[in-house]
Each structure stands twice: as C-alpha cells, then as structure tokens.
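Peer 1: This structure is in structure tokens; I'll ask about it shortly.
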Amino acid sequence: MLKTFASALRPALVMTAGFALLLGGAYPLAITAAAQALFPHQANGSLIERNGRVIGSELLAQSFAAPGYFHPRPSAANYDASASAGSNLGPASAVLAQRIAKDTSALRAQGYHNVPPAMVTTSASGLDPHISPEAALLQAPRVAQARQMPVERVEALVRAAIEAPLAGVLGENRVNVLRLNLALDAAPRPARQQGA
Amino acid sequence: MTTGMTMSGWGLILIFTALVALLAKPVGRWLFALYEGRATPLHRVLGPLERGFYRASGIDPNREQGWLAYGLHMLTFQVVLTLFTYAILRLQGVLPMNPRGLAGIGADGAMNTAIAFVTNTNWQWYAGESVLSNFSQMVGLTIHNFLSAATGIAIAFALFRGFARHEAKTVGNFWADCTRVTLYLLLPLCVIYALFLVACGVPQTFTSLVEAHALEGARQAIVLGPVASQEAIKMLGTNGGGFYNANSAHPFENPSALTNFVQMLSIFAIGSGLTWCFGRAVGNTRQGWAILCAMLILFVAGAGIAYWQEADGATLAMAGGHMEGKEVRFGIAASALFSAVTTAASCGAVNAMHDSFTAIGGLIPIFNMQLGEIVIGGVGSGIYGFLLFALLAVFVAGLMVGRTPEYVGKKIEAREVKLAVLAIAVLPLSILGFTALAAVLPAGLAGPLNKGPHGFSEILYAFSSATANNGSAFAGLSAGTPFYNGLLGVAMWVGRFFVIIPVLAIAGSLAAKRHTPATAGSFPTTGALWVGLLIGVILILGGLTFLPSLALGPIADQVSVLAHTAF
C-alpha cells in the first residue's frame with residue numbers, strides 16, 4: 001500500500017501543477033482575451049457612462065430614493081455591489097413579517113393603491129435591477145408629479161421599457177429601473193404647465 | 001409580477017425535464033467514447049497535451065489498476081490538491097493579482113474551503129467578492145471545479161467497468177480517466193459556454209474594482225473579475241461555488257432568464273448523459289433509460305411541490321407569491337425549479353435564497369440532498385450513488401422472489417450489498433450525527449440567524465449540504481467559525497470519500513465476477529415495475545431515515561406558519 005502511495009505521488013504533484021497552469025491560468029486567460037475582443041461591453045460589467053463618467057452597471061440595482069426617480073426593490077445589501085446578499089429571513093420570521101408590514105404601510109402612504117409583493121421583499125442578491133411593470137406604473141404618478149411631467153408621458157416611458165419573457169416562457173415581464181431612470185432624465189421636459 | 005401557479009410556470013418545468021431527457025443520448029455517446037478510451041475528433045488538437053501530461057507524470061495510460069490502486073492514486077491526488085489550495089488561500093496576501101490588498105485566509109477557513117472545492121461541494125462560509133482575490137478564485141478554486149468533476153466521472157467509469165467486465169482484475173487507470181474527461185469533455189464545453197455567458201452579460205476581466213458615480217450621487221463599488229470562466233465549469237461540473245456571495249442570483253453570474261435556463265440544463269447535462277453511458281457500457285441502453293426515468297419522476301415530483309409551495313404557499317408575512325430572496329427576472333417558477341435542480345444534482349449554486357423559501361418549498365432541497373443527490377445527481381457521484389440504491393433494490397426484489405439477486409448480468413451477493421449499505425449509511429451518520437451535535441453545543445447554537453424551528457433547519461441544511469457535497473445553504477447560518485468550518489469540513493470529506501471507497505470496492509468485486517446471463521427467472525431491471533421498485537426503495541430508505549429530522553425543522557416551521565406563530 002505504501003508503494004502504491006509512493007508511485008502515486010509523482011503523478012499527483014505533476015498533474016496538480018500542470019492542471020493549475022492549464023485550468024487556473026491558460027483557460028481563464030484565453031477566455032478573457034476572447035471575451036475582451038468579442039464582447040468588451042459585457043466582459044467589463046455592462047457599465048453605463050454618462051458625460052464620460054461611469055454611473056453604474058445596467059445589470060445592477062443602485063439606490064434611488066428621490067421622488068423624481070423610479071425606485072428599485074428594497075435591498076438587504078444596501079445596493080452594495082461589493083457585498084451581495086439576501087436577508088435570509090425565514091417563513092415564520094417575526095423580523096420579516098414586521099419589516100414587510102412596516103414597508104407596506106410606508107408605500108401606501110406614498111400613494112400606492114396596491115403594493116406588489118416584490119416591492120416590499122428584498123431580492124436574493126440585493127442588486128436586483130428589475131421591478132415588475134405594475135410596480136413601475138404604480139410609481140408613475142409620483143414621478144410625474146415630482147418632475148412636473150404629464151403622467152401619460154411617464155407611463156409611456158415605462159411601457160417602452162418593458163422587457164417581455166423570452167419565447168413566452170423564460171422569465172417575467174420586467175422593467176430595468178436604472179435604464180428607465182436614464183430614459184426619464186433624457187426625456188425632454190415640457191414647458192412648465194400652469195397649475196401643475 | 002404573477003403570483004400563483006401559471007401555465008407558463010408548469011410549461012417551464014416540463015420543457016426543462018424533456019430537454020434533460022433529450023440530452024441523455026448525445027452527451028452519453030460522447031462520455032461513452034471517453035469511457036472506452038476511444039479517440040474523439042478533439043484528440044487531434046488536444047492529444048499532444050494529453051500525452052504531455054502522461055509523460056511528465058511518468059504514467060502509462062494503458063496500464064490499468066485494480067480497484068485499490070485506482071482508489072489510492074485518486075486519494076493521493078485529492079490530498080495534494082487540498083494542500084495546494086490551502087496554501088494559496090493562506091498566502092493570498094503575498095500572491096499576485098490582489099490590488100484590493102485582501103489578506104490571507106485563516107487556517108480553519110482555508111482548510112474548509114480547500115476541502116469544499118476538492119470534494120465538489122463548494123460550500124462557502126465566506127462572501128467571494130469580499131474575501132478572495134482574482135488569483136485565489138482562478139488558480140486556487142477553478143482548477144478544482146474541473147478536477148473534482150473529472151474525479152467523480154472517473155469513479156463512475158470504474159464502477160461501470162465493474163458491471164461490464166467479466167473475471168477481470170482491473171477497473172481502469174485513474175489518471176487516464178481523469179485527464180481525458182477534463183481535456184475532451186469539460187474544457188472544450190467550458191470554452192464555448194463561458195463565451196456564451198459573456199455575450200449574455202457575465203463579466204470576464206482582470207480588473208477587480210470599478211467605482212461608479214450613481215445617479216443620486218452615491219458611490220457604488222462594483223467588483224468584477226474572471227467570472228464567466230468560473231461560472232461555466234461551476235454549473236457543468238455541478239460544483240456550485242459562486243464568484244459572488246449571492247451566487248447565481250447575482251446579476252453578474254446569471255444576468256437573464258436565458259442564462260438561467262441554460263445554467264439549469266448544464267447542471268443536469270452530464271449527469272443525464274451518464275445514465276445513457278451506463279446502459280451502453282453494460283450492453284443494454286434500456287438499463288440506462290430505466291434509471292433516468294426513475295430519476296426524472298423523483299425530480300418532477302420535487303420540483304412540482306417546490307413550485308406549488310413557492311407560488312401558492314403561505315408565509316407568516318404573505319399569503320402567496322413570496323418574493324423575499326428571489327429575483328424579478330427569474331420569477332417564482334424558475335426560482336423553485338432551480339432550487340430543485342441544484343439540490344437534485346450536487347451543484348449547490350442558487351438563484352434564490354433558499355432560507356427565505358416557504359417551509360415546504362425549503363424542505364424539498366433538504367430532502368433532495370438527504371437522498372444523497374441521486375436524482376440525476378452530481379457528475380459521476382449521481383450515477384454511482386444511484387447504482388448503490390439499485391443494488392439494494394435488486395436485493396429487496398431477490399428477497400421477495402427468493403433468488404440470488406442479479407443486476408445487469410452480475411450476481412449481487414452479500415459483499416456488494418454490505419458495501420452498498422456501508423456507503424449509504426454515511427449519509428444519516430454524518431448528517432444526523434453532526435446536526436445533533438451542533439444543535440446542543442453552544443458553538444453550534446450560535447450559528448443560526450432565524451429563531452425557532454427554522455434555526456434548526458439552517459443547521460440541518462448545512463450538514464445535509466456538506467455531507468451530500470452540495471454546497472448550497474440556508475445562508476442565514478453564520479458558518480465562518482472554527483466550529484462550523486471544522487465540523488463541516490469533516491462532513492464534506494467523509495461524505496465524499498467514505499462513499500467513493502466502498503463504491504470502488506464494489507467495482508473491483510463485480511469486475512472479478514463471471515457474467516450471469518438473464519433467464520426467465522431473473523427480475524427484469526428495465527420495465528415500469530423496476531422503476532417503481534427503485535423509487536419505492538429510495539423514498540422508503542430516505543424517508544424513514546430523515547423524516548424525524550424534517551419534522552423538527554421545516555415541518556414544524558410549516559405548522560408555526562399555519563398557527564400564525566412568529567419566531
């Protein structure tokens with residue numbers, strides 16, 4: 001048995017070194033080179049720049065609290081893109097039940113006439129970039145009022161931002177909050193209407 | 001957001017299951033070529049590399065090994081690989097590609113992680129993006145995602161040879177099996193898969209940090225890295241260790257419903273192919289189809305219950321459509337389905353936080369793991385684990401008809417049944433033993449985030465996950481302590497190698513036997529009766545063993561929800 005171990009030691013060491021070079025070195029290097037050449041935008045984190053400054057990634061939620069922006073889902077990670085996390089609170093958790101009850105009444109106070117579950121629950125990553133179209137439309141009056149835009153105009157921007165499930169089965173109807181807010185910022189502001 | 005079950009939700013589950021069945025033959029044919037050591041079209045390109053590995057290691061790939069030598073060589077390799085990654089993690093602070101200046105990992109944490117990746121578990125007590133440098137992720141961890149998968153497939157090949165060969169002394173050459181699977185199956189698939197993932201939005205760069213100026217003025221530190229190259233093998237090799245803490249729920253690891261669907265398929269692809277490969281190896285592909293059929297019935301039952309509960313089941317906070325710990329782009333159906341896939345296989349990647357599932361929705365992943373992840377299962381480990389249950393099932397059938405049991409042309413005798421029971425007994429001993437220990441010791445009780453029965457579920461989940469080499473978690477558990485790192489490390493090692501050694505012993509014992517042709521009196525192991533018997537044996541054995549522990553955890557949790565008792 002000892003002889004078998006001894007005879008296994010050389011291949012074990014050589015294979016470890018060889019595969020470390022191939023799988024830990026050459027493979028990720030080659031993929032990186034190819035990815036940077038073929039899909040540079042995605043390979044670098046799908047970053048969005050505005051006026052020459054990186055303002056975020058289209059794949060990651062960021063914090064929005066101002067009434068003039070659409071708000072993402074709440075985040076257990078405080079939208080920290082260097083520390084993704086969910087709340088991990090369980091089905092009978094008193095902490096979770098109280099938090100959801102509190103957030104639901106807060107949204108009602110903001111004028112939501114119905115509160116979609118996704119808007120009072122934290123996502124798995126804390127960085128969920130999407131909300132449902134209903135959750136966006138519910139926010140449209142608030143956004144329109146803060147921006148002094150006609151609500152129909154804001155709703156049209158929401159509808160234009162809806163991404164549908166692939167082939168009708170894969171995924172859900174959803175709206176990317178950061179992209180919607182960028183579209184909102186880019187929309188021409190109508191001349192201030194009287195009494196608005 | 002749709003709440004409640006929908007047609008498209010059920011459509012997703014059924015289309016997915018059908019595609020898994022369709023993958024069995026094409027993937028199985030490729031695996032069979034590697035099993036036989038035949039040349040594939042890729043040999044022309046990668047052949048020199050393969051021969052280079054053998055030459056440098058002083059191996060003759062055609063010199064076969066008996067089961068014991070095969071096992072000892074495999075074990076030596078695993079020990080060296082564990083120490084290699086242990087060293088890299090400890091020395092992280094002085095190694096390159098660490099612009100964020102992350103420190104080396106402590107002894108208990110480094111050993112736990114090294115074992116976790118070598119055993120194909122990929123249990124992660126840490127948050128990847130906060131603790132590991134790109135060098136540690138690439139060189140320290142990615143290598144195991146390939147090699148632990150290749151090792152699992154090699155062990156399965158050895159067991160197949162045990163069934164297929166007659167009066168033979170050897171079960172193959174471990175180094176040849178491991179190298180061929182890595183070079184001709186895993187690596188080429190990963191190259192294509194990783195680039196697909198990048199095209200869909202998964203980062204692949206050596207930049208590790210970008211600071212964004214968010215629209216409302218805050219700064220957002222965005223951690224990047226070579227994610228796609230790790231993600232591809234993480235799924236294909238049923239490893240499951242994420243680059244980021246949130247794993248496949250993180251938009252950078254799993255950016256869309258399409259990547260999510262492909263990730264689920266890639267978890268099952270090789271495991272499904274191995275059932276066909278087994279049938280082909282023993283000379284009757286219907287043997288493989290019967291196994292796959294039993295697996296898929298168990299799978300759809302689990303996935304269906306999880307979906308039903310996640311869509312319509314209540315939690316204390318909500319009556320249904322519970323989105324805590326789930327992502328909008330996947331929705332409820334794809335989150336529930338993913339949880340069933342990742343625990344039926346020994347993957348352990350998650351696209352939703354299982355800890356926040358409904359009580360019964362969270363029971364399904366635990367039960368899947370406790371059955372030993374034999375429903376498709378981990379690459380290699382799924383089929384060899386399943387074949388242990390098949391041996392018990394023919395044994396039970398033999399008791400009923402009063403004949404020496406036979407399976408695919410081999411008489412199954414006391415030695416094989418004893419070894420199979422020995423391997424299967426590892427699961428309850430480790431899962432229930434360690435859970436009991438952690439549930440009474442102060443260091444163990446310090447772990448759970450949730451109070452009440454759900455806190456117990458977090459501990460039970462952890463040891464089920466570690467022993468079954470899954471790696472997913474009820475992640476509220478604070479497992480980054482010497483107590484949990486140590487105990488879970490032992491559970492992972494025992495759960496992997498205390499099963500593999502008896503499996504190899506069975507392979508050796510079967511290979512030495514004479515071929516026993518089926519007669520009119522043999523119990524047929526291809527029809528519906530056999531599939532039913534398999535499912536029955538698996539559920540009775542698994543159910544009776546683990547039901548009491550589930551009653552204390554998820555079932556008590558469900559009762560508290562129904563009684564509106566909060567914890």
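Going through the structure tokens in order, the chains are called A, B, and so on, while each chain numbers its residues from 1 and the ligands are numbered from 1 in the order shown.
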DSSP says strand (DSSP E) for which residues of region 15-159 of chain A? Put them as an mmCIF file with C-alpha atoms, in the first residue's frame?
Peer 2:
data_model
loop_
_atom_site.group_PDB
_atom_site.id
_atom_site.type_symbol
_atom_site.label_atom_id
_atom_site.label_comp_id
_atom_site.auth_asym_id
_atom_site.auth_seq_id
_atom_site.Cartn_x
_atom_site.Cartn_y
_atom_site.Cartn_z
ATOM 1 C CA LEU A 47 -21.127 49.641 -17.420
ATOM 2 C CA ILE A 48 -23.075 52.735 -18.390
ATOM 3 C CA GLU A 49 -21.312 56.048 -18.862
ATOM 4 C CA ARG A 50 -22.891 59.461 -18.896
ATOM 5 C CA ARG A 53 -18.336 59.097 -16.040
ATOM 6 C CA VAL A 54 -19.335 55.553 -15.106
ATOM 7 C CA ILE A 55 -22.707 55.881 -13.430
ATOM 8 C CA GLY A 56 -23.373 52.185 -12.815
ATOM 9 C CA SER A 57 -23.953 48.838 -14.452
ATOM 10 C CA HIS A 130 -35.665 44.936 -12.215
ATOM 11 C CA ILE A 131 -39.158 45.637 -10.970
#
Peer 1: I need the helix (DSSP H, G or I) residues of region 36-153 of chain A per DSSP on the backbone, written as an MDAnalysis selection string.
Peer 2: chainID A and resid 36:38 40:43 94:109 117:119 133:147 151:153
Peer 1: Any idea what's packed within 12 Å of Gly24 (chain A), counting only C-alpha atoms, ignoring anything in its chain fewer than 2 positions away? Could you give it as an MDAnalysis selection string?
Peer 2: (chainID A and resid 16:22 26:31) or (chainID B and resid 85 134:147 187 226 229:230 233)
Peer 1: Give me the residues near region 65-81 of chain B as a list in words, where near means some atom within 7 Å (using only C-alpha atoms) and where sequence neighbours in that chain fewer than 4 positions away do not count.
Peer 2: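 Within the cut-off, the hits are Thr4, Phe5, Ala8, Leu9, Ala12, Leu13 and Thr16 of chain A; Thr85, Val118, Lys169, Thr170, Val171, Gly172, Asn173, Phe174, Ile501, Leu504, Ala505, Ala507 and Gly508 of chain B.
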Peer 1: Extract, using only C-alpha atoms, all DNA, RNA and protein residues at most 10 Å from region 552-561 of chain B, discarding same-chain residues fewer than 2 positions from it, and format them as a ChimeraX atom specification.
Peer 2: /A:90-93 /B:313-317,358-364,366,452-461,547-550,563-567
Peer 1: Leaving out Gln62 (chain A) and any residue of its chain fewer than 4 positions from it, which residues lie within 8 Å of it when counting only C-alpha atoms, given as a PyMOL selection string?
Peer 2: (chain A and resi 56+72+79+127+129+178) or (chain B and resi 214+220)
Peer 1: Could you check which of B:Thr404, B:Asn98, B:Gln204, B:Ser346 is closest to chain A, using only C-alpha atoms?
Peer 2: B:Gln204
Peer 1: Please identify all polymer residues within 12 Å of Trp10 (chain B), counting only C-alpha atoms, omitting same-chain residues fewer than 5 positions from it, and present them as a list of chain:residue names.
Peer 2: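 Result of the neighbour search: A:Val169, A:Leu170, B:Gly4, B:Met5, B:Ile15, B:Phe16, B:Thr17, B:Val300, B:Ala303, B:Gly304, B:Ile305, B:Ala306, B:Tyr307, B:Trp308, B:Ala311, B:Ile332, B:Ala333, B:Ala334, B:Ala336, B:Leu337.
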Peer 1: Calculated over only C-alpha atoms, which of the candidates A:Ala167, A:Ala76, A:Val95, A:Ala65 has the smallest distance to Gln139 (chain A)?
Peer 2: A:Ala65
Peer 1: Between B:Gly325, B:Gly471, B:Pro255, B:Gly104, single out the one closest to Leu96 (chain A), counting only C-alpha atoms.
Peer 2: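 Selected residue with least distance to Leu96 (chain A): B:Gly325.
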Peer 1: Could you tell me how far CA of Gln110 (chain A) sits from CA of Glu58 (chain A), in Å to one decimal place?
Peer 2: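 Those two atoms sit 26.6 Å apart.
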Peer 1: Which residue out of A:Ala34, A:Leu2, A:Ala101, A:Ala124 has the minimum interatomic distance to chain B when only C-alpha atoms are used?
Peer 2: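 Between A:Ala34, A:Leu2, A:Ala101, A:Ala124, the residue approaching chain B most closely is A:Ala124.
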